[in-house]
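J.: What follows is query_39.cif, mmCIF, C-alpha atoms.
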data_work
loop_
_atom_site.group_PDB
_atom_site.id
_atom_site.type_symbol
_atom_site.label_atom_id
_atom_site.label_comp_id
_atom_site.auth_asym_id
_atom_site.auth_seq_id
_atom_site.Cartn_x
_atom_site.Cartn_y
_atom_site.Cartn_z
ATOM 1 C CA MET A 1 -0.738 3.674 14.810
ATOM 2 C CA TYR A 2 1.428 6.585 15.930
ATOM 3 C CA GLY A 3 -1.045 9.303 14.963
ATOM 4 C CA SER A 4 -3.955 7.695 16.840
ATOM 5 C CA GLY A 5 -2.293 5.520 19.484
ATOM 6 C CA LEU A 6 -3.708 2.317 18.026
ATOM 7 C CA ARG A 7 -2.633 -1.156 18.976
ATOM 8 C CA GLN A 8 -1.498 -3.216 16.011
ATOM 9 C CA ILE A 9 -4.615 -5.394 15.923
ATOM 10 C CA GLU A 10 -6.886 -2.357 16.313
ATOM 11 C CA ALA A 11 -5.333 -0.802 13.213
ATOM 12 C CA LEU A 12 -5.686 -4.033 11.264
ATOM 13 C CA ARG A 13 -9.331 -4.511 12.278
ATOM 14 C CA LEU A 14 -10.461 -1.023 11.253
ATOM 15 C CA ARG A 15 -13.522 -1.023 9.013
ATOM 16 C CA VAL A 16 -14.339 1.739 6.543
ATOM 17 C CA LYS A 17 -17.314 2.785 8.699
ATOM 18 C CA ASP A 18 -14.950 3.415 11.649
ATOM 19 C CA ILE A 19 -13.259 6.357 9.914
ATOM 20 C CA ASP A 20 -15.086 9.684 10.258
ATOM 21 C CA PHE A 21 -13.398 12.342 8.125
ATOM 22 C CA GLY A 22 -16.048 14.940 9.022
ATOM 23 C CA GLN A 23 -15.539 14.606 12.768
ATOM 24 C CA GLY A 24 -11.826 13.889 12.467
ATOM 25 C CA ASN A 25 -11.931 10.703 14.510
ATOM 26 C CA ILE A 26 -11.688 6.942 14.409
ATOM 27 C CA GLN A 27 -14.015 4.606 16.287
ATOM 28 C CA ILE A 28 -12.286 1.630 17.895
ATOM 29 C CA HIS A 29 -14.663 -1.272 18.473
ATOM 30 C CA GLY A 30 -13.754 -4.290 20.545
ATOM 31 C CA GLY A 31 -10.287 -3.149 21.562
ATOM 32 C CA LYS A 32 -8.388 -4.825 24.383
ATOM 33 C CA GLY A 33 -10.906 -5.976 26.965
ATOM 34 C CA GLU A 34 -13.650 -5.554 24.325
ATOM 35 C CA LYS A 35 -13.662 -1.803 25.059
ATOM 36 C CA HIS A 36 -14.784 0.844 22.614
ATOM 37 C CA ARG A 37 -13.207 4.279 22.318
ATOM 38 C CA VAL A 38 -12.763 7.231 19.988
ATOM 39 C CA VAL A 39 -9.303 8.410 18.916
ATOM 40 C CA PRO A 40 -8.200 11.308 16.716
ATOM 41 C CA LEU A 41 -7.840 10.909 12.967
ATOM 42 C CA PRO A 42 -4.573 12.699 12.163
ATOM 43 C CA ARG A 43 -5.383 15.587 9.822
ATOM 44 C CA ALA A 44 -1.921 15.147 8.280
ATOM 45 C CA LEU A 45 -2.947 11.694 7.008
ATOM 46 C CA GLU A 46 -6.470 12.430 5.790
ATOM 47 C CA GLN A 47 -5.598 12.869 2.099
ATOM 48 C CA ARG A 48 -3.388 9.772 1.964
ATOM 49 C CA LEU A 49 -6.021 7.730 3.791
ATOM 50 C CA ALA A 50 -8.758 9.006 1.460
ATOM 51 C CA ARG A 51 -6.668 7.982 -1.586
ATOM 52 C CA HIS A 52 -6.006 4.560 -0.012
ATOM 53 C CA LEU A 53 -9.729 4.074 0.611
ATOM 54 C CA GLU A 54 -10.637 5.089 -2.937
ATOM 55 C CA ALA A 55 -8.202 2.489 -4.335
ATOM 56 C CA ALA A 56 -9.601 -0.100 -1.915
ATOM 57 C CA ARG A 57 -13.148 0.807 -2.948
ATOM 58 C CA GLU A 58 -12.275 0.270 -6.605
ATOM 59 C CA LYS A 59 -10.809 -3.140 -5.728
ATOM 60 C CA HIS A 60 -14.019 -3.951 -3.832
ATOM 61 C CA ARG A 61 -16.106 -2.974 -6.884
ATOM 62 C CA ARG A 62 -14.019 -5.289 -9.066
ATOM 63 C CA ASP A 63 -14.447 -8.088 -6.500
ATOM 64 C CA LEU A 64 -18.230 -7.618 -6.537
ATOM 65 C CA ALA A 65 -18.255 -7.720 -10.332
ATOM 66 C CA ILE A 66 -16.672 -11.197 -10.333
ATOM 67 C CA GLY A 67 -18.838 -12.610 -7.551
ATOM 68 C CA LEU A 68 -16.506 -11.913 -4.618
ATOM 69 C CA GLY A 69 -16.583 -8.861 -2.343
ATOM 70 C CA ASP A 70 -17.456 -10.472 0.976
ATOM 71 C CA THR A 71 -15.576 -9.691 4.160
ATOM 72 C CA HIS A 72 -15.461 -11.741 7.339
ATOM 73 C CA LEU A 73 -17.997 -10.630 9.955
ATOM 74 C CA ARG A 74 -19.043 -11.861 13.366
ATOM 75 C CA LYS A 75 -21.994 -14.243 13.360
ATOM 76 C CA SER A 76 -24.140 -11.746 15.297
ATOM 77 C CA ILE A 77 -23.552 -9.031 12.693
ATOM 78 C CA ARG A 78 -24.221 -11.429 9.807
ATOM 79 C CA LYS A 79 -27.496 -12.408 11.472
ATOM 80 C CA LYS A 80 -28.581 -8.813 12.114
ATOM 81 C CA TYR A 81 -27.415 -7.481 8.724
ATOM 82 C CA PRO A 82 -27.483 -10.378 6.224
ATOM 83 C CA ARG A 83 -26.023 -8.333 3.321
ATOM 84 C CA ALA A 84 -23.406 -6.456 5.372
ATOM 85 C CA SER A 85 -20.485 -8.668 4.339
ATOM 86 C CA ARG A 86 -20.683 -7.245 0.795
ATOM 87 C CA GLU A 87 -21.289 -3.598 1.761
ATOM 88 C CA TRP A 88 -18.437 -1.112 1.378
ATOM 89 C CA CYS A 89 -18.764 0.298 4.909
ATOM 90 C CA TRP A 90 -18.009 -3.114 6.470
ATOM 91 C CA GLN A 91 -14.844 -3.740 4.450
ATOM 92 C CA TYR A 92 -11.473 -3.628 6.197
ATOM 93 C CA VAL A 93 -9.459 -0.439 5.730
ATOM 94 C CA PHE A 94 -6.315 -2.564 5.421
ATOM 95 C CA ALA A 95 -7.672 -5.570 3.582
ATOM 96 C CA SER A 96 -5.645 -8.610 2.615
ATOM 97 C CA ALA A 97 -4.520 -8.878 -0.993
ATOM 98 C CA THR A 98 -6.142 -12.310 -1.228
ATOM 99 C CA VAL A 99 -9.439 -13.919 -0.285
ATOM 100 C CA CYS A 100 -9.474 -16.978 1.942
ATOM 101 C CA PRO A 101 -11.907 -19.399 3.578
ATOM 102 C CA HIS A 102 -12.922 -18.634 7.136
ATOM 103 C CA PRO A 103 -11.401 -21.280 9.473
ATOM 104 C CA ARG A 104 -14.748 -22.098 11.142
ATOM 105 C CA THR A 105 -17.414 -21.348 8.535
ATOM 106 C CA GLY A 106 -15.475 -22.102 5.361
ATOM 107 C CA GLU A 107 -16.959 -18.995 3.700
ATOM 108 C CA VAL A 108 -14.551 -17.412 1.225
ATOM 109 C CA ALA A 109 -14.036 -13.711 1.939
ATOM 110 C CA ARG A 110 -11.397 -11.010 2.256
ATOM 111 C CA HIS A 111 -9.873 -10.613 5.712
ATOM 112 C CA HIS A 112 -7.591 -7.866 7.022
ATOM 113 C CA LEU A 113 -3.820 -7.877 6.561
ATOM 114 C CA HIS A 114 -2.052 -10.450 8.671
ATOM 115 C CA GLU A 115 -0.176 -9.226 11.762
ATOM 116 C CA LYS A 116 3.066 -10.838 10.571
ATOM 117 C CA SER A 117 2.823 -8.971 7.271
ATOM 118 C CA LEU A 118 2.480 -5.639 9.067
ATOM 119 C CA GLN A 119 5.360 -6.506 11.403
ATOM 120 C CA ARG A 120 7.610 -7.444 8.467
ATOM 121 C CA GLN A 121 6.772 -4.245 6.621
ATOM 122 C CA PHE A 122 7.399 -2.149 9.732
ATOM 123 C CA ALA A 123 10.720 -3.882 10.442
ATOM 124 C CA GLU A 124 11.807 -3.193 6.857
ATOM 125 C CA ALA A 125 10.833 0.480 7.180
ATOM 126 C CA VAL A 126 12.850 0.781 10.400
ATOM 127 C CA ARG A 127 15.825 -0.898 8.739
ATOM 128 C CA ARG A 128 15.661 1.456 5.732
ATOM 129 C CA SER A 129 15.341 4.503 7.983
ATOM 130 C CA SER A 130 18.679 3.757 9.653
ATOM 131 C CA VAL A 131 17.147 4.358 13.084
ATOM 132 C CA ALA A 132 19.724 2.957 15.484
ATOM 133 C CA LYS A 133 17.166 1.787 18.043
ATOM 134 C CA ARG A 134 14.934 -1.244 18.327
ATOM 135 C CA ALA A 135 11.413 -0.386 17.220
ATOM 136 C CA THR A 136 8.241 -2.418 16.794
ATOM 137 C CA CYS A 137 4.685 -1.527 15.854
ATOM 138 C CA HIS A 138 3.955 -1.111 19.562
ATOM 139 C CA THR A 139 6.750 1.472 19.820
ATOM 140 C CA LEU A 140 4.476 3.797 17.841
ATOM 141 C CA ARG A 141 1.811 3.557 20.557
ATOM 142 C CA HIS A 142 4.385 4.338 23.250
ATOM 143 C CA SER A 143 5.629 7.320 21.233
ATOM 144 C CA PHE A 144 2.051 8.569 20.783
ATOM 145 C CA ALA A 145 1.498 8.635 24.554
ATOM 146 C CA THR A 146 4.907 10.047 25.423
ATOM 147 C CA HIS A 147 4.711 12.836 22.849
ATOM 148 C CA LEU A 148 1.211 13.849 23.940
ATOM 149 C CA LEU A 149 2.324 14.045 27.575
ATOM 150 C CA GLU A 150 5.445 15.983 26.605
ATOM 151 C CA GLY A 151 3.191 18.341 24.655
ATOM 152 C CA GLY A 152 1.173 19.088 27.789
ATOM 153 C CA VAL A 153 -1.887 16.904 27.187
ATOM 154 C CA ASP A 154 -3.585 15.885 30.435
ATOM 155 C CA ILE A 155 -2.750 12.338 31.600
ATOM 156 C CA ARG A 156 -6.468 11.442 31.913
ATOM 157 C CA THR A 157 -7.019 12.394 28.265
ATOM 158 C CA VAL A 158 -4.079 10.216 27.231
ATOM 159 C CA GLN A 159 -5.501 7.402 29.387
ATOM 160 C CA ASP A 160 -8.828 7.630 27.517
ATOM 161 C CA LEU A 161 -7.140 7.753 24.108
ATOM 162 C CA LEU A 162 -5.074 4.662 24.911
ATOM 163 C CA GLY A 163 -8.049 2.809 26.376
ATOM 164 C CA HIS A 164 -6.346 2.148 29.701
ATOM 165 C CA ALA A 165 -8.697 1.146 32.514
ATOM 166 C CA ASP A 166 -6.388 2.541 35.177
ATOM 167 C CA VAL A 167 -4.364 5.748 35.099
ATOM 168 C CA SER A 168 -1.433 3.926 36.739
ATOM 169 C CA THR A 169 -0.887 2.109 33.439
ATOM 170 C CA THR A 170 -0.702 5.440 31.622
ATOM 171 C CA MET A 171 1.640 6.876 34.267
ATOM 172 C CA ILE A 172 4.386 4.580 32.965
ATOM 173 C CA TYR A 173 4.833 7.141 30.199
ATOM 174 C CA LEU A 174 5.653 9.851 32.744
ATOM 175 C CA HIS A 175 8.700 7.811 33.749
ATOM 176 C CA VAL A 176 9.796 7.540 30.132
ATOM 177 C CA MET A 177 9.571 11.324 29.742
ATOM 178 C CA LYS A 178 11.956 12.126 32.572
ATOM 179 C CA LYS A 179 15.355 13.274 31.541
ATOM 180 C CA PRO A 180 18.370 11.588 33.162
ATOM 181 C CA GLY A 181 19.641 13.524 36.171
ATOM 182 C CA ALA A 182 16.371 15.457 36.474
ATOM 183 C CA GLY A 183 17.248 17.409 33.339
ATOM 184 C CA ALA A 184 20.504 18.802 34.693
ATOM 185 C CA PRO A 185 23.117 19.585 32.055
ATOM 186 C CA SER A 186 26.560 18.052 31.967
ATOM 187 C CA PRO A 187 29.257 20.288 33.473
ATOM 188 C CA LEU A 188 30.951 20.183 30.059
ATOM 189 C CA ASP A 189 27.884 21.914 28.600
ATOM 190 C CA LEU A 190 27.827 24.789 31.107
ATOM 191 C CA PRO A 191 28.894 28.234 29.813
#
How does the structure come out when it is put into structure tokens?

T.:
Amino acid sequence: MYGSGLRQIEALRLRVKDIDFGQGNIQIHGGKGEKHRVVPLPRALEQRLARHLEAAREKHRRDLAIGLGDTHLRKSIRKKYPRASREWCWQYVFASATVCPHPRTGEVARHHLHEKSLQRQFAEAVRRSSVAKRATCHTLRHSFATHLLEGGVDIRTVQDLLGHADVSTTMIYLHVMKKPGAGAPSPLDLP
């Protein structure tokens, strides 16, 4: 979420087909406001993500072997691609450990991790890190934007990466960047 500026639900809804190692990007489909965008795939995470996907692919193969292996898909996709729910490319990157019936269709399939599970895991990681500040999954998105702006990335580029419709929403991060007292040092720190 930090390395690509993803919202929590966008990260959870990632499908294998959305990750492009060759191009070094991630496709976000149906983000907030049903918008689509492309964000960077952090090079620093490529190997770990590739190992995660290989383990997930092995789990998917085992599921297929015992008659499972379906994932939840929109009705329009199921209609257009009848076998897609069993194909590897349509599986969730961060799939649930268990299969469950779909609330409307009753079809048993593997969904993505639950938001509460991710939030619990993140809260535990923050607690173990001894960071003395409040942090949530969304804090990672704020840090992504702030650090890009501090690094000199153009505000319009950051706006596109975040999927903001209006640059004024992105400009909030400029306020966060400002140092107290316009960056002036304390008199105690003067030589």

J.: May I have the protein, DNA and RNA residues with an atom at most 10 Å from (-6.7, 6.7, 15.0), counting all atoms listed in the file in the file's coordinates, returned as number ranges by chain?

T.: A: 1-7, 10-11, 14, 18-19, 24-28, 38-42, 161

J.: Would you work out the distance separating CA of Glu34 (chain A) from CA of Ala165 (chain A), expressed in Å to one decimal?

T.: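 Separation between CA of Glu34 (chain A) and CA of Ala165 (chain A): 11.7 Å.
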
J.: Could you state the separation of CA of His112 (chain A) and CA of Tyr92 (chain A) in Å, given to one decimal place?

T.: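 These atoms are spaced 5.8 Å apart.
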
J.: Between CA of Gly22 (chain A) and CA of Trp90 (chain A), what is the distance, to one decimal in Å?

T.: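 Atom-to-atom, CA of Gly22 (chain A) and CA of Trp90 (chain A) are spaced 18.3 Å apart.
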
J.: I need the residue nearest Cys100 (chain A) from this list: A:Ala135, A:Val126, A:Leu174, A:Leu113. Use all atoms listed in the file for the distance.

T.: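 Closest candidate: A:Leu113.
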
J.: Got a sec to resolve the PyMOL selection byres ((chain A and resi 140-146) around 6) on this structure and send the residues as a PyMOL selection string?

T.: chain A and resi 2+5+137-139+147-149+173

J.: For the point (-8.9, -6.1, 19.2) in file coordinates, what residues are within 6 Å, counting all atoms listed in the file? Give the answer as an MDAnalysis selection string?

T.: chainID A and resid 9:10 30:32

J.: Output the residue selection produced by the PyMOL selection byres ((chain A and resi 85-87) around 12) on the file above, formatted as a PyMOL selection string.

T.: chain A and resi 15-17+57+60-61+63-65+67-84+88-92+107-111

J.: Smallest atom-to-atom distance to Glu115 (chain A): which of A:Ala95, A:Ala44, A:Ala132, A:Leu162, using only C-alpha atoms?

T.: A:Ala95
